[in-house]
Structure formats: structure tokens, C-alpha cells
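> File query38.csv follows (CSV, C-alpha atoms):
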```
chain,number,residue,atom,x,y,z
A,1,MET,CA,-64.4,-7.9,-50.5
A,2,HIS,CA,-66.8,-8.8,-53.3
A,3,PHE,CA,-68.9,-10.9,-50.9
A,4,ILE,CA,-68.9,-8.2,-48.2
A,5,ASN,CA,-70.3,-5.6,-50.8
A,6,LEU,CA,-72.9,-8.1,-51.9
A,7,HIS,CA,-74.0,-8.6,-48.3
A,8,TYR,CA,-74.5,-4.9,-47.9
A,9,PHE,CA,-76.3,-4.7,-51.2
A,10,PHE,CA,-78.8,-7.3,-49.9
A,11,LEU,CA,-79.3,-5.2,-46.7
A,12,GLU,CA,-80.6,-2.3,-48.9
A,13,PHE,CA,-83.8,-4.2,-49.8
A,14,PRO,CA,-86.8,-4.0,-47.4
A,15,LYS,CA,-87.4,-7.1,-45.3
A,16,ASP,CA,-91.0,-7.2,-46.2
A,17,CYS,CA,-93.7,-5.0,-47.9
A,18,SER,CA,-94.4,-3.1,-44.7
A,19,GLU,CA,-91.0,-1.3,-45.2
A,20,ILE,CA,-91.9,0.0,-48.6
A,21,PRO,CA,-93.0,3.7,-48.6
A,22,ARG,CA,-96.8,4.0,-48.4
A,23,SER,CA,-96.9,6.3,-51.3
A,24,LYS,CA,-95.8,3.5,-53.6
A,25,ASP,CA,-98.3,1.6,-55.8
A,26,SER,CA,-99.2,-2.0,-55.5
A,27,GLY,CA,-97.0,-4.2,-57.7
A,28,VAL,CA,-93.9,-6.3,-57.9
A,29,TYR,CA,-91.0,-5.6,-55.5
A,30,VAL,CA,-87.8,-7.2,-54.3
A,31,ILE,CA,-87.5,-7.9,-50.6
A,32,CYS,CA,-84.8,-9.5,-48.7
A,33,PRO,CA,-86.1,-11.3,-45.5
A,34,LYS,CA,-83.5,-12.1,-42.8
A,35,GLY,CA,-81.7,-15.3,-43.7
A,36,LEU,CA,-82.7,-15.3,-47.4
A,37,ARG,CA,-81.4,-13.9,-50.7
A,38,PRO,CA,-83.5,-11.2,-52.4
A,39,LEU,CA,-87.0,-12.4,-53.2
A,40,ILE,CA,-89.5,-11.2,-55.8
A,41,VAL,CA,-93.0,-10.7,-54.4
A,42,TYR,CA,-96.2,-8.8,-55.1
A,43,CYS,CA,-97.0,-6.1,-52.5
A,44,ASP,CA,-100.5,-4.9,-51.9
A,45,MET,CA,-100.1,-1.2,-51.0
A,46,THR,CA,-103.8,-0.3,-51.0
A,47,THR,CA,-105.8,-2.7,-48.8
A,48,GLU,CA,-106.2,-1.0,-45.4
A,49,SER,CA,-103.1,1.2,-45.8
A,50,GLY,CA,-101.1,-1.6,-47.5
A,51,GLY,CA,-97.9,-3.2,-46.5
A,52,TRP,CA,-99.1,-6.7,-47.4
A,53,ILE,CA,-97.0,-9.5,-49.0
A,54,VAL,CA,-99.2,-11.5,-51.3
A,55,ILE,CA,-98.3,-15.1,-50.6
A,56,GLN,CA,-101.0,-16.8,-52.7
A,57,ARG,CA,-103.3,-15.8,-55.5
A,58,ASN,CA,-105.7,-18.2,-57.3
A,59,SER,CA,-108.5,-17.6,-59.7
A,60,PHE,CA,-111.2,-19.8,-61.2
A,61,ASN,CA,-109.9,-21.4,-64.4
A,62,SER,CA,-106.4,-20.6,-63.3
A,63,GLU,CA,-103.6,-21.5,-65.7
A,64,ILE,CA,-101.8,-23.2,-62.8
A,65,THR,CA,-102.8,-26.8,-62.1
A,66,TRP,CA,-101.8,-26.5,-58.4
A,67,ASP,CA,-101.1,-30.2,-58.5
A,68,GLU,CA,-97.4,-29.8,-57.6
A,69,SER,CA,-94.8,-31.7,-55.6
A,70,TRP,CA,-93.6,-31.0,-52.1
A,71,THR,CA,-90.4,-29.4,-53.4
A,72,THR,CA,-92.3,-27.1,-55.8
A,73,TYR,CA,-94.6,-25.9,-52.9
A,74,LYS,CA,-91.5,-25.5,-50.8
A,75,TYR,CA,-89.9,-23.0,-53.2
A,76,GLY,CA,-93.0,-21.5,-54.9
A,77,PHE,CA,-94.3,-21.3,-58.5
A,78,GLY,CA,-96.5,-19.3,-60.8
A,79,ASN,CA,-96.5,-15.6,-61.9
A,80,VAL,CA,-96.4,-13.0,-59.1
A,81,GLU,CA,-98.5,-10.7,-61.2
A,82,LYS,CA,-101.2,-13.4,-61.7
A,83,ASP,CA,-101.7,-16.7,-59.9
A,84,TYR,CA,-98.9,-17.9,-57.7
A,85,TRP,CA,-97.7,-19.5,-54.5
A,86,LEU,CA,-94.7,-17.8,-52.8
A,87,GLY,CA,-93.2,-20.9,-51.2
A,88,LEU,CA,-93.2,-22.5,-47.7
A,89,GLU,CA,-89.5,-22.1,-47.0
A,90,TYR,CA,-89.8,-18.4,-47.7
A,91,LEU,CA,-92.9,-18.1,-45.6
A,92,HIS,CA,-91.1,-19.7,-42.7
A,93,HIS,CA,-88.2,-17.3,-42.9
A,94,ILE,CA,-90.4,-14.2,-43.3
A,95,THR,CA,-92.6,-15.1,-40.4
A,96,LYS,CA,-89.6,-15.6,-38.1
A,97,GLN,CA,-88.7,-11.9,-38.5
A,98,LYS,CA,-91.6,-10.3,-36.7
A,99,VAL,CA,-95.1,-11.1,-35.5
A,100,TYR,CA,-97.3,-11.3,-38.6
A,101,GLN,CA,-101.1,-11.1,-39.3
A,102,VAL,CA,-102.8,-12.7,-42.3
A,103,ARG,CA,-105.8,-11.9,-44.4
A,104,PHE,CA,-107.5,-14.5,-46.5
A,105,VAL,CA,-109.5,-12.8,-49.3
A,106,ILE,CA,-112.2,-15.0,-50.9
A,107,LEU,CA,-114.4,-14.3,-53.9
A,108,ASP,CA,-117.5,-16.3,-53.4
A,109,ASP,CA,-119.5,-18.1,-56.1
A,110,LYS,CA,-121.3,-14.8,-56.9
A,111,ASN,CA,-117.9,-13.0,-57.1
A,112,VAL,CA,-118.5,-11.0,-53.9
A,113,GLU,CA,-115.4,-10.3,-51.9
A,114,LYS,CA,-115.2,-11.5,-48.3
A,115,TYR,CA,-112.2,-11.7,-46.0
A,116,ALA,CA,-110.9,-13.6,-42.9
A,117,ASP,CA,-108.3,-11.9,-40.8
A,118,TYR,CA,-106.2,-13.7,-38.1
A,119,ASN,CA,-104.1,-11.6,-35.8
A,120,TYR,CA,-101.2,-14.1,-35.8
A,121,PHE,CA,-99.7,-16.1,-38.7
A,122,SER,CA,-96.6,-18.2,-38.5
A,123,ILE,CA,-95.1,-21.1,-40.5
A,124,GLU,CA,-92.8,-23.5,-38.7
A,125,ASP,CA,-89.7,-25.0,-40.4
A,126,GLU,CA,-89.6,-28.0,-42.7
A,127,VAL,CA,-88.6,-30.4,-39.9
A,128,ASN,CA,-91.9,-29.5,-38.3
A,129,GLY,CA,-93.8,-30.0,-41.5
A,130,TYR,CA,-94.3,-26.2,-42.2
A,131,ARG,CA,-97.0,-26.3,-39.5
A,132,LEU,CA,-99.5,-23.4,-39.6
A,133,ARG,CA,-100.1,-21.3,-36.5
A,134,LEU,CA,-103.0,-18.8,-36.5
A,135,GLY,CA,-104.4,-16.3,-34.0
A,136,SER,CA,-107.9,-15.0,-33.4
A,137,TYR,CA,-110.3,-14.5,-36.3
A,138,THR,CA,-112.3,-11.5,-37.4
A,139,GLY,CA,-113.9,-10.8,-40.8
A,140,THR,CA,-116.8,-11.4,-43.2
A,141,ALA,CA,-115.9,-14.7,-44.7
A,142,GLY,CA,-116.4,-16.9,-41.6
A,143,ASP,CA,-113.6,-18.8,-39.8
A,144,SER,CA,-112.9,-21.6,-42.1
A,145,MET,CA,-109.4,-22.2,-40.8
A,146,SER,CA,-109.8,-22.9,-37.1
A,147,SER,CA,-113.3,-23.1,-35.7
A,148,VAL,CA,-115.2,-25.7,-37.7
A,149,GLN,CA,-115.2,-29.4,-36.7
A,150,PRO,CA,-112.0,-30.7,-35.2
A,151,GLY,CA,-111.2,-33.0,-38.2
A,152,ALA,CA,-111.5,-30.0,-40.5
A,153,THR,CA,-109.4,-27.5,-38.6
A,154,HIS,CA,-106.4,-26.2,-40.5
A,155,ASP,CA,-104.8,-24.3,-37.7
A,156,ASN,CA,-101.9,-26.2,-36.1
A,157,MET,CA,-101.8,-28.6,-39.1
A,158,LYS,CA,-98.7,-29.6,-41.0
A,159,PHE,CA,-98.7,-28.9,-44.8
A,160,SER,CA,-99.5,-31.9,-47.1
A,161,SER,CA,-98.9,-32.5,-50.8
A,162,LYS,CA,-99.6,-35.4,-53.0
A,163,ASP,CA,-96.1,-36.8,-52.4
A,164,LYS,CA,-95.8,-35.9,-48.7
A,165,ASP,CA,-98.8,-36.9,-46.6
A,166,GLN,CA,-98.7,-35.1,-43.2
A,167,ASP,CA,-102.4,-34.9,-42.5
A,168,ILE,CA,-104.3,-36.7,-39.7
A,169,HIS,CA,-106.5,-38.7,-42.0
A,170,SER,CA,-106.1,-42.4,-42.8
A,171,SER,CA,-105.6,-41.5,-46.5
A,172,ASN,CA,-103.8,-38.8,-48.3
A,173,CYS,CA,-106.1,-35.7,-48.3
A,174,ALA,CA,-104.0,-33.9,-50.9
A,175,ALA,CA,-104.1,-36.8,-53.3
A,176,SER,CA,-107.9,-37.2,-52.9
A,177,ASN,CA,-108.8,-33.4,-52.8
A,178,GLY,CA,-106.2,-32.0,-55.1
A,179,GLY,CA,-103.5,-29.3,-54.7
A,180,ALA,CA,-101.7,-29.0,-51.4
A,181,TRP,CA,-102.8,-27.4,-48.1
A,182,TRP,CA,-102.7,-27.6,-44.3
A,183,TYR,CA,-105.1,-30.6,-44.5
A,184,ALA,CA,-106.5,-32.2,-41.3
A,185,ALA,CA,-109.0,-35.0,-41.9
A,186,CYS,CA,-109.6,-33.5,-44.4
A,187,LEU,CA,-110.8,-29.9,-44.9
A,188,ALA,CA,-113.1,-26.9,-44.4
A,189,SER,CA,-111.1,-24.8,-46.9
A,190,LYS,CA,-108.8,-25.5,-49.8
A,191,LEU,CA,-107.4,-22.5,-51.7
A,192,ASN,CA,-104.6,-24.2,-53.6
A,193,ASN,CA,-106.8,-26.0,-56.1
A,194,LYS,CA,-107.7,-25.6,-59.7
A,195,ASN,CA,-111.4,-25.0,-60.3
A,196,GLY,CA,-112.1,-26.2,-56.8
A,197,ILE,CA,-111.5,-23.3,-54.4
A,198,GLN,CA,-113.5,-23.9,-51.2
A,199,TRP,CA,-114.2,-21.9,-48.1
A,200,TYR,CA,-116.6,-23.3,-45.6
A,201,GLY,CA,-119.9,-21.4,-45.4
A,202,LEU,CA,-119.3,-19.5,-48.7
A,203,CYS,CA,-118.7,-21.9,-51.5
A,204,ALA,CA,-117.9,-25.7,-51.7
A,205,GLY,CA,-115.4,-25.7,-54.6
A,206,THR,CA,-117.2,-22.9,-56.5
A,207,CYS,CA,-115.3,-19.9,-55.2
A,208,LYS,CA,-114.2,-17.5,-57.9
A,209,GLY,CA,-110.8,-16.7,-56.4
A,210,SER,CA,-108.6,-16.3,-53.4
A,211,THR,CA,-105.7,-14.2,-52.2
A,212,ILE,CA,-103.6,-14.7,-49.0
A,213,MET,CA,-101.5,-11.8,-47.8
A,214,ILE,CA,-99.5,-11.1,-44.6
A,215,ARG,CA,-97.9,-8.1,-42.9
A,216,PRO,CA,-96.6,-7.3,-39.4
A,217,ALA,CA,-99.3,-7.4,-36.8
A,218,ASP,CA,-98.2,-3.9,-35.5
A,219,TYR,CA,-98.6,-2.2,-38.8
A,220,CYS,CA,-100.4,1.1,-38.3
A,221,ILE,CA,-103.5,1.7,-40.3
A,222,TYR,CA,-104.2,5.4,-41.3
```
Could you show the structure in this file as C-alpha cells?

Amino acid sequence: MHFINLHYFFLEFPKDCSEIPRSKDSGVYVICPKGLRPLIVYCDMTTESGGWIVIQRNSFNSEITWDESWTTYKYGFGNVEKDYWLGLEYLHHITKQKVYQVRFVILDDKNVEKYADYNYFSIEDEVNGYRLRLGSYTGTAGDSMSSVQPGATHDNMKFSSKDKDQDIHSSNCAASNGGAWWYAACLASKLNNKNGIQWYGLCAGTCKGSTIMIRPADYCIY
């Protein structure tokens, strides 16, 4: 009986930030995606009507080194109120629930905010290398994830860390470029990096900050 009650307790949590009332402020919330235990996340409830799960936040001179192992990137690290990475395993389970969209927010080297939206965002399971799947781009930052040179395309790439090389380069892109990312051979962007945030066309390692957030693609804006 104890376990049954606990199961129903989990069901009381929203599955993602889109299920949080729009009147609520941005901040730390507990969600319970299907197939997972309750998870602490930061919800952005203001950007274009809100409903976003912040899955990454990085700032210039971050306290985080971002030079973490595969296992650490799998389950996440950092402070959800500051700089953090949610975790690949959680991203996979969340993006299985519904069709999601993603927004990459970039502060360029002049601290001007730009964004890149993709109307589809999905992370495959660990067996498939937590491969990234993106949809069509719109925005002000430029498409640094899917439409640069083939060897620098991050869409459809597996995730690579310093101790798990899954890129398509002859060497380990994560080891040579730092952090961990959906590296190809090697990059047009890299956001999981200390003092080296890059977004092609905006800043080559001199970006002031980044945020990645997701919400259901059918979320109504009003």
C-alpha cells in the first residue's frame, strides 16, 4: 500500500513546466516526467508566455568547469538557480512524452541577447548515444546547430564527452575543445564550456552566456 500511495503522489506533479499555471513566477519547481521520479528543474514562466524547462544555463566565468565525465552529463550537475546542466537521461525521458520545441538563448560578446528556435527537439536514448534531433530554425542568432558546413552540423549527432568519444572526427572533439556537446567534426557551436561559449556568426568563444529551454511544440502563446 505504501508504494501505491507513493505512485499516486508522483502523479500529482506536473510532467513538465507547461503544466504549471501561467500565473506562477519563474523559479524552481518539481516535475515528474513519465518514467522518472520527481525532478527539480527551473521553469521560465515569462519568455513568450512561459512553460519552458531550462535544461542548460552557462555564464562567462561560470563556477562550473563543464569538464565533466559522461556519467555526470548523463545525470546532470550544477545549481538550477544558477549555471547547470539538467542531464541527458532526463532529457530523453522528457522528450519522449510529447513533441517539444527548443530555444537556444545566446548573449553575444556585447551582451546582446539573441535566440535560435527549432520547432522540434528530441534526445534519443543512451544506446543511441543521446543523439540530437532538431526541426526547422527561426530566430535572431543564426542557425548554428544544423545549417553550417556538414562537418560542423550538430543536428543528428551523438553526444560526446572527454571519456566517451562519439563524434565523427578522427580525434576526440570534446577532449580538444572542452566540455561536452553534440560534436561533429568538430563544431559550429559549443555552449557547455567554461569561458569558451561559441555560437557561429555571433561569437567564437567570447559569448557572455547561454540558456537552453524546451516546452511542448503545441504550447499556446497568448
> For Ala152 of chain A, find every residue with an atom within 10 Å (counting only C-alpha atoms), except residues of its own chain fewer than 4 positions away, and show them as a tab-separated table (two decimals) with C-alpha atoms, in the frame of the given file.

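File produced: part31.tsv:
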```tsv
chain	number	residue	atom	x	y	z
A	144	SER	CA	-112.90	-21.60	-42.10
A	145	MET	CA	-109.40	-22.20	-40.80
A	146	SER	CA	-109.80	-22.90	-37.10
A	147	SER	CA	-113.30	-23.10	-35.70
A	148	VAL	CA	-115.20	-25.70	-37.70
A	157	MET	CA	-101.80	-28.60	-39.10
A	168	ILE	CA	-104.30	-36.70	-39.70
A	182	TRP	CA	-102.70	-27.60	-44.30
A	183	TYR	CA	-105.10	-30.60	-44.50
A	184	ALA	CA	-106.50	-32.20	-41.30
A	185	ALA	CA	-109.00	-35.00	-41.90
A	186	CYS	CA	-109.60	-33.50	-44.40
A	187	LEU	CA	-110.80	-29.90	-44.90
A	188	ALA	CA	-113.10	-26.90	-44.40
A	189	SER	CA	-111.10	-24.80	-46.90
A	200	TYR	CA	-116.60	-23.30	-45.60
```
> To one decimal place in Å, what is the distance between atom CA of His154 of chain A and atom CA of Ile31 of chain A?
28.2 Å
> With a distance cut-off of 8 Å and all atoms listed in the file, select the neighbouring residues of Gly196 of chain A, excluding the residue or stretch itself and same-chain residues fewer than 5 positions from it, and output the selection as a list in words.
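Neighbouring residues, sequence-local ones excluded: Phe60, Lys190, Leu191, Ala204, Gly205, Thr206 and Cys207 of chain A.
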> Do you know which residues are at most 12 Å from Asn58 of chain A counting all atoms listed in the file, after dropping those on the same chain fewer than 2 positions away, and could you put them as number ranges by chain?
A: 54-56, 60-66, 77-86, 104-107, 179, 190-198, 207-212
> For each of A:Gly201, A:Pro33, A:Gly129, A:Gly76, take the minimum atom-to-atom distance to Thr95 of chain A, counting all atoms listed in the file, then give the residue where this is smallest.
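Using all atoms listed in the file, Thr95 of chain A sits closest to A:Pro33.
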> Quick check, in Å to one decimal: how far apart do atom CA of Glu89 of chain A and atom CA of Thr140 of chain A lie?
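Atom CA of Thr140 of chain A lies 29.6 Å from atom CA of Glu89 of chain A.
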> Go ahead and compute the interatomic distance for atom CA of Ser18 of chain A and atom CA of Thr47 of chain A, in Å to one decimal.
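Separation of atom CA of Ser18 of chain A and atom CA of Thr47 of chain A: 12.1 Å.
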> Name all residues at most 8 Å from Tyr90 of chain A (count only C-alpha atoms; drop same-chain ones fewer than 3 positions away) and give them as a CSV table (one decimal) with C-alpha atoms, in the coordinates of the input.

```
chain,number,residue,atom,x,y,z
A,36,LEU,CA,-82.7,-15.3,-47.4
A,74,LYS,CA,-91.5,-25.5,-50.8
A,75,TYR,CA,-89.9,-23.0,-53.2
A,86,LEU,CA,-94.7,-17.8,-52.8
A,87,GLY,CA,-93.2,-20.9,-51.2
A,93,HIS,CA,-88.2,-17.3,-42.9
A,94,ILE,CA,-90.4,-14.2,-43.3
```
> Which one of A:Thr46, A:Asn128, A:Asn177, A:Ser59 sits closest to Phe159 of chain A if you count all atoms listed in the file?
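Using all atoms listed in the file, the shortest distance to Phe159 of chain A belongs to A:Asn128.
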> Which is closest to Val28 of chain A among A:Tyr73, A:Val41, A:Val127, A:Tyr222, if we use only C-alpha atoms?
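Ranked by minimum distance to Val28 of chain A, first place goes to A:Val41.
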> Excluding segment 161-164 of chain A and its own-chain neighbours fewer than 4 positions away, which residues fall within 8 Å of it when counting all atoms listed in the file? Please give them as a PyMOL selection string.
chain A and resi 67-70+172+174-175+178-181
> From the set A:Gly50, A:Gly135, A:Pro38, A:Pro216, which residue has the shortest atom-to-atom contact distance to Lys24 of chain A, counting all atoms listed in the file?
A:Gly50
> Got a sec to check which residues sit within 8 Å of (-98.5, -8.4, -38.5), counting only C-alpha atoms, and write them as a list in words?
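Checked against the point, the hits come out as Lys98, Val99, Tyr100, Gln101, Val102, Asn119, Tyr120, Phe121, Ile214, Arg215, Pro216, Ala217, Asp218 and Tyr219 of chain A.
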> Counting only C-alpha atoms, which residue out of A:Gln166, A:Asn156, A:Gly35, A:Pro21 sits closest to Arg133 of chain A?
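Checking each of A:Gln166, A:Asn156, A:Gly35, A:Pro21 against Arg133 of chain A, counting only C-alpha atoms, the winner is A:Asn156.
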> Looking at A:Glu48, A:Asp165, A:Asp125, A:Glu12, which one is nearest to Arg103 of chain A, with distances taken over only C-alpha atoms?
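So, comparing all the options, the nearest one is A:Glu48.
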